[in-house]
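Take a look at the structure below.
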Amino acid sequence: IPAILMYVYYNIRLAKKAELVQFGRTISVYPVNLGIERSQMLTSEIAFRVMKKGRVMLSEEQIDRAAQLLKSARLAKKSIDCIPEDIRPKSIEDAYAVQNRFLDIMGWKAAGWFLANTNIKIQELIRHTKPFYGRRFTDLVFTSPARIKMSEFQSIDLECEFGFSLKHDLPKRGKDYSQAEVEEAIATVHPVIDIVAPYLKNWTEHDIFSIIAD
């Protein structure tokens, strides 16, 4: 995990009130009352646990076709009904392979990473009980205060999250990091606003592998 930004998911729909504030070079929100019971939140140790390794089911050609489809949707700023069955990810490894191929095609520079699906509410919504990850991109991190053109996205949701700036990398290794190790690596914590722009129509109704690929 590069020492830039990690995000823990909080859905802004759960917040009863929020105040916009400025925290460095991000769009930020201060969650006054998230209305989330402690028992509903996953512990940090579970949230940072890496999912069990699966295997790639799709061929390189299928992975490329799926990534090209997602690229076309983003460039056209139009949503798609689904990833067609013949190129749809069949495993967690497939999903990340499509995600990685999409990034290679787009040539976007990563500004950090995010961790999604870390609370019970969103897990129930998308029918998946484990966190998953993706990347933040340099060109899509905005200085606060900022104005965002709606025309740049086919649709958006706003989510209230926390961003973490790390003191040092947490490189891949053979065993999970403990909660204490992760906490020790955190330099600063920042409330942020995440602009979610999925390109799958009714994205919460799709299978988890398609959601991760998107």
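Every chain in the structure tokens takes a letter, A first, then B, and so on in the order presented; its residues are numbered from 1, and the ligands are numbered from 1 following the presented order.
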
Compile the contact shell of A:Arg74 as a PyMOL selection string: residues with an atom at most 12 Å away, counting only C-alpha atoms, same-chain residues fewer than 2 positions apart removed. chain A and resi 67-72+76-80+102+106+151-155+197-200+214

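Between atom CA of A:Val98 and atom CA of A:Lys130 lies a distance of 19.2 Å.
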
Residues within 12 Å of A:Asp207, please, as a PyMOL selection string. Count only C-alpha atoms; anything in the same chain fewer than 4 positions from it doesn't count. chain A and resi 82-83+85+88-92+95+125-128+200+202-203+211-214

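The coordinates place atom CA of A:Glu183 at 24.0 Å from atom CA of A:Phe137.
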
Using atom CA of A:Arg147 and atom CA of A:Ile195 as the two end points, give the distance in Å to one decimal.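 Distance reported for this atom pair: 12.0 Å.
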
Selected residue, from A:Glu161, A:Ala97, A:Gly174, A:Pro84, that lies nearest to A:Asn119 when counting only C-alpha atoms: A:Glu161

Secondary structure check, strand (DSSP E or B) residues of stretch 76-170 of chain A, as a PDB file with N, CA and C atoms, in the first residue's frame:
```pdb
ATOM      1  N   ILE A  80     -23.169   1.819 -19.074  1.00  0.00           N
ATOM      2  CA  ILE A  80     -23.443   0.601 -19.830  1.00  0.00           C
ATOM      3  C   ILE A  80     -24.369  -0.296 -19.008  1.00  0.00           C
ATOM      4  N   ALA A 110      -1.589   7.251 -10.589  1.00  0.00           N
ATOM      5  CA  ALA A 110      -2.249   7.040  -9.303  1.00  0.00           C
ATOM      6  C   ALA A 110      -1.759   8.048  -8.266  1.00  0.00           C
ATOM      7  N   ALA A 111      -2.717   8.622  -7.519  1.00  0.00           N
ATOM      8  CA  ALA A 111      -2.384   9.521  -6.415  1.00  0.00           C
ATOM      9  C   ALA A 111      -2.485   8.797  -5.084  1.00  0.00           C
ATOM     10  N   GLY A 112      -3.086   7.627  -5.079  1.00  0.00           N
ATOM     11  CA  GLY A 112      -3.256   6.871  -3.845  1.00  0.00           C
ATOM     12  C   GLY A 112      -4.203   5.710  -4.058  1.00  0.00           C
ATOM     13  N   TRP A 113      -4.619   5.097  -2.968  1.00  0.00           N
ATOM     14  CA  TRP A 113      -5.490   3.922  -3.005  1.00  0.00           C
ATOM     15  C   TRP A 113      -6.702   4.159  -2.131  1.00  0.00           C
ATOM     16  N   PHE A 114      -7.783   3.457  -2.410  1.00  0.00           N
ATOM     17  CA  PHE A 114      -8.936   3.515  -1.521  1.00  0.00           C
ATOM     18  C   PHE A 114      -9.413   2.109  -1.186  1.00  0.00           C
ATOM     19  N   LEU A 115      -9.994   2.022  -0.012  1.00  0.00           N
ATOM     20  CA  LEU A 115     -10.553   0.763   0.467  1.00  0.00           C
ATOM     21  C   LEU A 115     -12.058   0.952   0.582  1.00  0.00           C
ATOM     22  N   ALA A 116     -12.818   0.114  -0.112  1.00  0.00           N
ATOM     23  CA  ALA A 116     -14.274   0.255  -0.161  1.00  0.00           C
ATOM     24  C   ALA A 116     -14.964  -0.921   0.511  1.00  0.00           C
ATOM     25  N   ASN A 119     -18.300  -1.112   5.644  1.00  0.00           N
ATOM     26  CA  ASN A 119     -19.312  -1.074   6.696  1.00  0.00           C
ATOM     27  C   ASN A 119     -20.505  -1.940   6.312  1.00  0.00           C
ATOM     28  N   PHE A 132     -12.839  -4.224  -0.638  1.00  0.00           N
ATOM     29  CA  PHE A 132     -12.041  -4.325  -1.855  1.00  0.00           C
ATOM     30  C   PHE A 132     -11.371  -2.983  -2.105  1.00  0.00           C
ATOM     31  N   TYR A 133     -10.412  -2.964  -3.029  1.00  0.00           N
ATOM     32  CA  TYR A 133      -9.629  -1.746  -3.204  1.00  0.00           C
ATOM     33  C   TYR A 133      -9.625  -1.262  -4.645  1.00  0.00           C
ATOM     34  N   GLY A 134      -9.200  -0.026  -4.810  1.00  0.00           N
ATOM     35  CA  GLY A 134      -9.019   0.592  -6.123  1.00  0.00           C
ATOM     36  C   GLY A 134      -8.033   1.731  -5.972  1.00  0.00           C
ATOM     37  N   ARG A 135      -7.935   2.586  -6.966  1.00  0.00           N
ATOM     38  CA  ARG A 135      -6.953   3.667  -6.951  1.00  0.00           C
ATOM     39  C   ARG A 135      -7.611   5.038  -7.037  1.00  0.00           C
ATOM     40  N   ARG A 136      -6.933   6.029  -6.483  1.00  0.00           N
ATOM     41  CA  ARG A 136      -7.259   7.439  -6.703  1.00  0.00           C
ATOM     42  C   ARG A 136      -6.286   7.965  -7.758  1.00  0.00           C
ATOM     43  N   PHE A 137      -6.755   8.910  -8.580  1.00  0.00           N
ATOM     44  CA  PHE A 137      -5.930   9.396  -9.688  1.00  0.00           C
ATOM     45  C   PHE A 137      -5.598  10.873  -9.532  1.00  0.00           C
ATOM     46  N   ASP A 157     -22.435   9.965  -7.177  1.00  0.00           N
ATOM     47  CA  ASP A 157     -22.868   9.892  -5.788  1.00  0.00           C
ATOM     48  C   ASP A 157     -21.781  10.562  -4.964  1.00  0.00           C
ATOM     49  N   LEU A 158     -22.158  11.205  -3.871  1.00  0.00           N
ATOM     50  CA  LEU A 158     -21.186  11.807  -2.967  1.00  0.00           C
ATOM     51  C   LEU A 158     -21.106  10.970  -1.703  1.00  0.00           C
ATOM     52  N   GLU A 159     -19.884  10.686  -1.292  1.00  0.00           N
ATOM     53  CA  GLU A 159     -19.675   9.867  -0.107  1.00  0.00           C
ATOM     54  C   GLU A 159     -18.707  10.558   0.846  1.00  0.00           C
ATOM     55  N   CYS A 160     -18.996  10.469   2.107  1.00  0.00           N
ATOM     56  CA  CYS A 160     -18.144  11.030   3.151  1.00  0.00           C
ATOM     57  C   CYS A 160     -17.171   9.956   3.624  1.00  0.00           C
ATOM     58  N   GLU A 161     -15.888  10.248   3.554  1.00  0.00           N
ATOM     59  CA  GLU A 161     -14.883   9.246   3.883  1.00  0.00           C
ATOM     60  C   GLU A 161     -13.770   9.856   4.719  1.00  0.00           C
ATOM     61  N   PHE A 162     -12.867   9.018   5.174  1.00  0.00           N
ATOM     62  CA  PHE A 162     -11.647   9.470   5.822  1.00  0.00           C
ATOM     63  C   PHE A 162     -10.454   9.070   4.971  1.00  0.00           C
ATOM     64  N   GLY A 163      -9.527  10.022   4.758  1.00  0.00           N
ATOM     65  CA  GLY A 163      -8.296   9.753   4.020  1.00  0.00           C
ATOM     66  C   GLY A 163      -7.128   9.672   4.987  1.00  0.00           C
ATOM     67  N   PHE A 164      -6.217   8.749   4.715  1.00  0.00           N
ATOM     68  CA  PHE A 164      -5.045   8.557   5.564  1.00  0.00           C
ATOM     69  C   PHE A 164      -3.772   8.822   4.763  1.00  0.00           C
ATOM     70  N   SER A 165      -2.935   9.690   5.275  1.00  0.00           N
ATOM     71  CA  SER A 165      -1.594   9.872   4.729  1.00  0.00           C
ATOM     72  C   SER A 165      -0.649   9.046   5.586  1.00  0.00           C
ATOM     73  N   LEU A 166       0.128   8.171   4.929  1.00  0.00           N
ATOM     74  CA  LEU A 166       0.983   7.246   5.668  1.00  0.00           C
ATOM     75  C   LEU A 166       2.415   7.761   5.805  1.00  0.00           C
TER      76      LEU A 166
END
```

Counting only C-alpha atoms, which residue out of A:Asp139, A:Asp169, A:Glu60, A:Asp176 sits closest to A:Arg101?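 Distance minimum relative to A:Arg101 lands on A:Glu60.
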